[in-house]
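S.K.: Take this structure first; my questions come after.
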Amino acid sequence: EPTRTIVDKLQLDRSFNVLNGSEASFILEPYDNVAVRFVNDFQLQNRVFLTGEVKYPGPYAMSVKNERISSIIKRAGGLTDEAFPLGATLQREEGDYGSVVIKLNDILNDVNSEFNFVVKNGDVINVPKIKEFVTIKGATKVQEVVGENAINEGNEIHVPFQEGKDALFYINEYAGGLSDMADRQKVFVEYANGEIKKPRNGLFKKRYARVEQGSIISVGYKAVKTEDESKSSDVDWTKVLGDSVAQAMSILTLILLIQRLD
């Protein structure tokens, strides 16, 4: 019998049984080809996880393509009264990005914010509780102004937040100022969302980063020179002076010689 081409569509249940109807008696024969095609625009359900101070935390299925952070937060009922949006964080598994800096205040105030990212499957958005304190640690004179019982490891102290102040204000006001071992280039402010800022050189003086609620001010130490580096950096002023005098005498002798020749 010659080869024939028969095209038919079969409807199957979830157990891959042919549903009742005219196709139910369809019998496959050797060398038949069965094609199972995808439904257009079909996607497995993707989920985003909200934790912390949102009204309804938990997993949320992405309802539309290219859904953004603002939409997910809205579906979760918004933030609680104890929410600290400045400290909100995003963890992204896709692409091994890990922690991603976001500014939730900006997102909630403007859906067109550059931080209003499209959410991806597996994203975890956490909104912490209000952080009332600012933390200062590192190379300060805190031990001169604060009792040892209030100082944690690494010269760390926790102090009240004051609106509109920079890092140097907090260091001087609460930690006794910078120690002799402090490196002014290494005064960093880490914000609650993970963003870090360092000092900038102004026209006449350094401009230290502004501090926000929940920030951590870290004061780095100057690099300690090794014995060999210290020796190489020591200046032998006697030798320098002697060399300078010798060079000056040589120049003077040359000038006198030229004058005599003239």
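Following the order of the structure tokens, first chain is A, next is B, and so on, with residues numbered from 1 inside each chain and ligands from 1 in the order they appear.
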Could you pull the residues within 8 Å of stretch 154-163 of chain A, counting only C-alpha atoms, minus those fewer than 5 positions along the same chain, as a ChimeraX atom specification?
M.R.: /A:132-140,142-143,174,211-214
S.K.: What's the separation between atom CA of A:Lys120 and atom CA of A:Ile73, in Å to one decimal place?
M.R.: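 Atom-to-atom, atom CA of A:Lys120 and atom CA of A:Ile73 are spaced 14.2 Å apart.
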S.K.: Go through stretch 74-157 of chain A and flag each residue having an atom no more than 8 Å from stretch 194-206 of chain A; for those, report the closest pair of atoms plus their distance in Å to one decimal, using only C-alpha atoms, ordered by chain and rising number, as a tab-separated table.
M.R.:
```
residue	atom	partner	partner_atom	distance
A:Gly87	CA	A:Gly194	CA	7.9
A:Thr89	CA	A:Gly194	CA	7.8
A:Val101	CA	A:Gly194	CA	6.3
```
S.K.: Go ahead and write the residues just picked, N, CA, C and O atoms, as a compact mmCIF listing (two decimals), in the first residue's frame.
M.R.:
```
# COMPACT_ATOMS: atom_id res chain seq x y z
N GLY A 87 15.59 51.72 53.34
CA GLY A 87 16.40 50.52 53.51
C GLY A 87 15.95 49.34 52.67
O GLY A 87 16.46 48.23 52.83
N THR A 89 15.57 46.59 49.88
CA THR A 89 16.59 45.92 49.06
C THR A 89 15.94 44.97 48.07
O THR A 89 14.82 44.50 48.27
N VAL A 101 20.84 47.66 44.11
CA VAL A 101 20.47 48.89 44.83
C VAL A 101 19.18 49.45 44.26
O VAL A 101 19.04 49.63 43.04
```
S.K.: Nearest to A:Lys103 among A:Ser218, A:Thr238, A:Asn193, A:Asn126, with distances taken over only C-alpha atoms: which residue is it?
M.R.: A:Asn193
S.K.: Among the residues of stretch 19-217 of chain A, find those DSSP assigns to helix (DSSP H, G or I) from the backbone and print them as JSON, numbers by chain.
M.R.: {"A": [22, 23, 24, 25, 69, 70, 71, 72, 73, 74, 75, 85, 86, 87, 94, 95, 96, 104, 105, 106, 107, 108, 109, 142, 143, 144, 148, 149, 150, 167, 168, 169, 170, 171, 172, 173, 174]}
S.K.: Give the strand (DSSP E) residues of stretch 105-204 of chain A, as DSSP finds them on the backbone, and put them as a VMD selection string.
M.R.: chain A and resid 124 to 127 133 to 138 157 to 160 182 to 190 196 to 197 200 to 201
S.K.: Could those residues be written to a file, using N, CA, C and O atoms, as an mmCIF file, in the first residue's frame?
M.R.:
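The resulting part37.cif:
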```
data_model
loop_
_atom_site.group_PDB
_atom_site.id
_atom_site.type_symbol
_atom_site.label_atom_id
_atom_site.label_comp_id
_atom_site.auth_asym_id
_atom_site.auth_seq_id
_atom_site.Cartn_x
_atom_site.Cartn_y
_atom_site.Cartn_z
ATOM 1 N N VAL A 124 13.463 38.871 45.227
ATOM 2 C CA VAL A 124 13.021 39.035 46.614
ATOM 3 C C VAL A 124 13.184 40.510 46.980
ATOM 4 O O VAL A 124 14.291 41.044 46.967
ATOM 5 N N ILE A 125 12.071 41.158 47.286
ATOM 6 C CA ILE A 125 12.082 42.562 47.695
ATOM 7 C C ILE A 125 11.780 42.616 49.187
ATOM 8 O O ILE A 125 10.738 42.130 49.629
ATOM 9 N N ASN A 126 12.714 43.197 49.944
ATOM 10 C CA ASN A 126 12.533 43.272 51.394
ATOM 11 C C ASN A 126 12.447 44.727 51.835
ATOM 12 O O ASN A 126 13.257 45.563 51.428
ATOM 13 N N VAL A 127 11.447 45.013 52.658
ATOM 14 C CA VAL A 127 11.283 46.356 53.219
ATOM 15 C C VAL A 127 11.440 46.239 54.735
ATOM 16 O O VAL A 127 10.571 45.680 55.408
ATOM 17 N N PHE A 133 18.679 54.864 64.178
ATOM 18 C CA PHE A 133 20.023 55.304 64.533
ATOM 19 C C PHE A 133 20.938 55.449 63.321
ATOM 20 O O PHE A 133 20.684 54.917 62.248
ATOM 21 N N VAL A 134 22.034 56.169 63.572
ATOM 22 C CA VAL A 134 23.167 56.236 62.650
ATOM 23 C C VAL A 134 24.338 55.564 63.354
ATOM 24 O O VAL A 134 24.554 55.771 64.555
ATOM 25 N N THR A 135 25.088 54.755 62.630
ATOM 26 C CA THR A 135 26.230 54.035 63.207
ATOM 27 C C THR A 135 27.534 54.692 62.762
ATOM 28 O O THR A 135 27.694 55.027 61.590
ATOM 29 N N ILE A 136 28.454 54.877 63.713
ATOM 30 C CA ILE A 136 29.789 55.417 63.424
ATOM 31 C C ILE A 136 30.816 54.396 63.898
ATOM 32 O O ILE A 136 30.718 53.884 65.014
ATOM 33 N N LYS A 137 31.809 54.109 63.065
ATOM 34 C CA LYS A 137 32.845 53.156 63.472
ATOM 35 C C LYS A 137 34.162 53.482 62.779
ATOM 36 O O LYS A 137 34.195 54.199 61.779
ATOM 37 N N GLY A 138 35.241 52.951 63.349
ATOM 38 C CA GLY A 138 36.545 53.127 62.720
ATOM 39 C C GLY A 138 37.452 54.083 63.471
ATOM 40 O O GLY A 138 37.407 54.189 64.704
ATOM 41 N N ILE A 157 29.687 52.969 67.539
ATOM 42 C CA ILE A 157 28.645 53.523 68.402
ATOM 43 C C ILE A 157 27.403 53.801 67.561
ATOM 44 O O ILE A 157 27.481 53.935 66.335
ATOM 45 N N HIS A 158 26.265 53.883 68.237
ATOM 46 C CA HIS A 158 24.995 54.192 67.578
ATOM 47 C C HIS A 158 24.471 55.505 68.146
ATOM 48 O O HIS A 158 24.359 55.667 69.365
ATOM 49 N N VAL A 159 24.142 56.426 67.252
ATOM 50 C CA VAL A 159 23.767 57.774 67.676
ATOM 51 C C VAL A 159 22.471 58.189 66.981
ATOM 52 O O VAL A 159 22.076 57.596 65.971
ATOM 53 N N PRO A 160 21.796 59.228 67.503
ATOM 54 C CA PRO A 160 20.538 59.662 66.883
ATOM 55 C C PRO A 160 20.755 60.311 65.519
ATOM 56 O O PRO A 160 21.807 60.894 65.250
ATOM 57 N N ALA A 182 43.380 58.366 61.268
ATOM 58 C CA ALA A 182 42.287 58.355 60.289
ATOM 59 C C ALA A 182 42.770 58.814 58.916
ATOM 60 O O ALA A 182 43.586 59.726 58.796
ATOM 61 N N ASP A 183 42.248 58.174 57.898
ATOM 62 C CA ASP A 183 42.505 58.573 56.513
ATOM 63 C C ASP A 183 41.263 59.310 56.013
ATOM 64 O O ASP A 183 40.199 58.718 55.850
ATOM 65 N N ARG A 184 41.394 60.608 55.790
ATOM 66 C CA ARG A 184 40.241 61.423 55.405
ATOM 67 C C ARG A 184 39.639 61.005 54.064
ATOM 68 O O ARG A 184 38.485 61.318 53.773
ATOM 69 N N GLN A 185 40.424 60.318 53.259
ATOM 70 C CA GLN A 185 39.903 59.836 51.975
ATOM 71 C C GLN A 185 39.009 58.612 52.153
ATOM 72 O O GLN A 185 38.326 58.197 51.222
ATOM 73 N N LYS A 186 39.048 58.019 53.342
ATOM 74 C CA LYS A 186 38.316 56.777 53.576
ATOM 75 C C LYS A 186 37.163 56.960 54.558
ATOM 76 O O LYS A 186 36.873 56.090 55.367
ATOM 77 N N VAL A 187 36.517 58.111 54.490
ATOM 78 C CA VAL A 187 35.319 58.340 55.302
ATOM 79 C C VAL A 187 34.112 58.014 54.417
ATOM 80 O O VAL A 187 33.686 58.823 53.596
ATOM 81 N N PHE A 188 33.588 56.812 54.581
ATOM 82 C CA PHE A 188 32.516 56.328 53.715
ATOM 83 C C PHE A 188 31.180 56.340 54.452
ATOM 84 O O PHE A 188 31.123 56.106 55.665
ATOM 85 N N VAL A 189 30.127 56.596 53.693
ATOM 86 C CA VAL A 189 28.765 56.497 54.226
ATOM 87 C C VAL A 189 28.044 55.396 53.454
ATOM 88 O O VAL A 189 27.905 55.475 52.231
ATOM 89 N N GLU A 190 27.630 54.367 54.190
ATOM 90 C CA GLU A 190 26.852 53.282 53.587
ATOM 91 C C GLU A 190 25.389 53.464 53.978
ATOM 92 O O GLU A 190 25.049 53.476 55.161
ATOM 93 N N ILE A 196 26.895 53.200 48.711
ATOM 94 C CA ILE A 196 28.032 53.750 49.454
ATOM 95 C C ILE A 196 28.535 55.013 48.759
ATOM 96 O O ILE A 196 28.671 55.048 47.532
ATOM 97 N N LYS A 197 28.811 56.047 49.561
ATOM 98 C CA LYS A 197 29.372 57.287 49.020
ATOM 99 C C LYS A 197 30.630 57.660 49.797
ATOM 100 O O LYS A 197 30.739 57.402 50.993
ATOM 101 N N ARG A 200 34.173 63.929 48.456
ATOM 102 C CA ARG A 200 34.557 64.539 47.186
ATOM 103 C C ARG A 200 35.377 65.787 47.471
ATOM 104 O O ARG A 200 35.175 66.457 48.479
ATOM 105 N N ASN A 201 36.287 66.086 46.579
ATOM 106 C CA ASN A 201 37.115 67.273 46.746
ATOM 107 C C ASN A 201 36.354 68.507 46.287
ATOM 108 O O ASN A 201 35.957 68.611 45.127
#
```
S.K.: If you count only C-alpha atoms, which residues fall within 9 Å of A:Val48, apart from same-chain ones fewer than 3 positions away, as a list in words?
M.R.: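 Contacts, with the query itself left out: Gly58, Pro59, Tyr60, Ala61, Met62, Ile72, Val119, Lys120, Asn121, Gly122, Asp123, Val124 and Ile125 of chain A.
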S.K.: Can I get the selection written as a CSV table (one decimal), in the first residue's frame, with N, CA, C and O atoms?
M.R.:
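Result went into part.csv, see below:
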```csv
chain,number,residue,atom,x,y,z
A,58,GLY,N,4.6,38.0,51.0
A,58,GLY,CA,4.4,36.6,50.5
A,58,GLY,C,4.8,36.6,49.0
A,58,GLY,O,5.2,37.6,48.4
A,59,PRO,N,4.5,35.4,48.4
A,59,PRO,CA,4.8,35.3,47.0
A,59,PRO,C,3.7,35.9,46.1
A,59,PRO,O,2.6,35.9,46.4
A,60,TYR,N,4.1,36.5,45.0
A,60,TYR,CA,3.2,37.2,44.1
A,60,TYR,C,3.5,36.7,42.7
A,60,TYR,O,4.6,36.8,42.2
A,61,ALA,N,2.5,36.1,42.0
A,61,ALA,CA,2.6,35.7,40.6
A,61,ALA,C,2.7,37.0,39.8
A,61,ALA,O,1.9,37.9,40.0
A,62,MET,N,3.5,37.0,38.8
A,62,MET,CA,3.6,38.2,37.9
A,62,MET,C,2.4,38.1,37.0
A,62,MET,O,2.3,37.2,36.2
A,72,ILE,N,4.1,45.6,42.0
A,72,ILE,CA,4.1,44.6,43.0
A,72,ILE,C,3.8,45.1,44.4
A,72,ILE,O,3.0,44.5,45.2
A,119,VAL,N,10.4,43.5,37.4
A,119,VAL,CA,10.8,42.4,38.2
A,119,VAL,C,11.0,41.1,37.4
A,119,VAL,O,10.4,40.9,36.3
A,120,LYS,N,11.8,40.2,38.0
A,120,LYS,CA,12.1,39.0,37.3
A,120,LYS,C,11.7,37.8,38.3
A,120,LYS,O,11.6,38.0,39.5
A,121,ASN,N,11.6,36.6,37.7
A,121,ASN,CA,11.2,35.4,38.4
A,121,ASN,C,12.3,35.2,39.5
A,121,ASN,O,13.5,35.2,39.3
A,122,GLY,N,11.8,35.0,40.8
A,122,GLY,CA,12.6,34.7,41.9
A,122,GLY,C,13.1,35.9,42.6
A,122,GLY,O,13.8,35.8,43.7
A,123,ASP,N,12.8,37.2,42.2
A,123,ASP,CA,13.2,38.4,42.9
A,123,ASP,C,12.6,38.4,44.3
A,123,ASP,O,11.5,37.9,44.5
A,124,VAL,N,13.5,38.9,45.2
A,124,VAL,CA,13.0,39.0,46.6
A,124,VAL,C,13.2,40.5,47.0
A,124,VAL,O,14.3,41.0,47.0
A,125,ILE,N,12.1,41.2,47.3
A,125,ILE,CA,12.1,42.6,47.7
A,125,ILE,C,11.8,42.6,49.2
A,125,ILE,O,10.7,42.1,49.6
```
S.K.: Just the number, please: distance in Å from atom CA of A:Glu148 to atom CA of A:Gly176, one decimal.
M.R.: 13.7 Å
S.K.: Quick one: pull the distance between atom CA of A:Gly52 and atom CA of A:Lys129, Å, one decimal.
M.R.: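 That distance, rounded to one decimal, is 7.3 Å.
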S.K.: Using only C-alpha atoms, find the one residue out of A:Ile130, A:Met249, A:Leu104, A:Val118 that sits nearest to A:Glu82.
M.R.: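 Checking each candidate against A:Glu82, we get A:Ile130 as the closest.
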S.K.: Just the residues within 12 Å of A:Leu44, please, counting only C-alpha atoms, with nothing from its chain fewer than 2 positions along; format it as a VMD selection string.
M.R.: chain A and resid 38 to 39 41 to 42 46 to 47 61 to 63 121
S.K.: Got time to write the residues from that selection, N, CA, C and O atoms, as a PDB file, in the first residue's frame?
M.R.:
```
ATOM      1  N   PHE A  38       3.817  24.495  20.981  1.00  0.00           N
ATOM      2  CA  PHE A  38       3.598  25.409  22.096  1.00  0.00           C
ATOM      3  C   PHE A  38       2.411  26.324  21.814  1.00  0.00           C
ATOM      4  O   PHE A  38       2.155  26.700  20.668  1.00  0.00           O
ATOM      5  N   VAL A  39       1.722  26.681  22.874  1.00  0.00           N
ATOM      6  CA  VAL A  39       0.687  27.704  22.778  1.00  0.00           C
ATOM      7  C   VAL A  39       1.384  29.055  22.716  1.00  0.00           C
ATOM      8  O   VAL A  39       2.304  29.333  23.490  1.00  0.00           O
ATOM      9  N   ASP A  41       2.623  32.642  23.307  1.00  0.00           N
ATOM     10  CA  ASP A  41       2.705  33.503  24.495  1.00  0.00           C
ATOM     11  C   ASP A  41       2.538  32.746  25.806  1.00  0.00           C
ATOM     12  O   ASP A  41       2.303  33.358  26.856  1.00  0.00           O
ATOM     13  N   PHE A  42       2.650  31.415  25.770  1.00  0.00           N
ATOM     14  CA  PHE A  42       2.526  30.664  27.022  1.00  0.00           C
ATOM     15  C   PHE A  42       3.811  30.793  27.834  1.00  0.00           C
ATOM     16  O   PHE A  42       4.918  30.719  27.304  1.00  0.00           O
ATOM     17  N   ASN A  46       5.645  32.832  36.846  1.00  0.00           N
ATOM     18  CA  ASN A  46       6.796  33.411  37.531  1.00  0.00           C
ATOM     19  C   ASN A  46       6.328  34.108  38.800  1.00  0.00           C
ATOM     20  O   ASN A  46       5.228  34.678  38.844  1.00  0.00           O
ATOM     21  N   ARG A  47       7.200  34.094  39.810  1.00  0.00           N
ATOM     22  CA  ARG A  47       6.799  34.667  41.094  1.00  0.00           C
ATOM     23  C   ARG A  47       7.866  35.608  41.644  1.00  0.00           C
ATOM     24  O   ARG A  47       9.061  35.418  41.434  1.00  0.00           O
ATOM     25  N   ALA A  61       2.467  36.121  42.015  1.00  0.00           N
ATOM     26  CA  ALA A  61       2.628  35.729  40.618  1.00  0.00           C
ATOM     27  C   ALA A  61       2.655  36.985  39.759  1.00  0.00           C
ATOM     28  O   ALA A  61       1.891  37.929  39.990  1.00  0.00           O
ATOM     29  N   MET A  62       3.544  36.998  38.789  1.00  0.00           N
ATOM     30  CA  MET A  62       3.630  38.151  37.893  1.00  0.00           C
ATOM     31  C   MET A  62       2.436  38.114  36.951  1.00  0.00           C
ATOM     32  O   MET A  62       2.280  37.198  36.150  1.00  0.00           O
ATOM     33  N   SER A  63       1.586  39.131  37.060  1.00  0.00           N
ATOM     34  CA  SER A  63       0.302  39.115  36.354  1.00  0.00           C
ATOM     35  C   SER A  63       0.411  39.556  34.905  1.00  0.00           C
ATOM     36  O   SER A  63      -0.404  39.163  34.070  1.00  0.00           O
ATOM     37  N   ASN A 121      11.598  36.630  37.654  1.00  0.00           N
ATOM     38  CA  ASN A 121      11.234  35.447  38.427  1.00  0.00           C
ATOM     39  C   ASN A 121      12.256  35.190  39.534  1.00  0.00           C
ATOM     40  O   ASN A 121      13.459  35.181  39.300  1.00  0.00           O
TER      41      ASN A 121
END
```
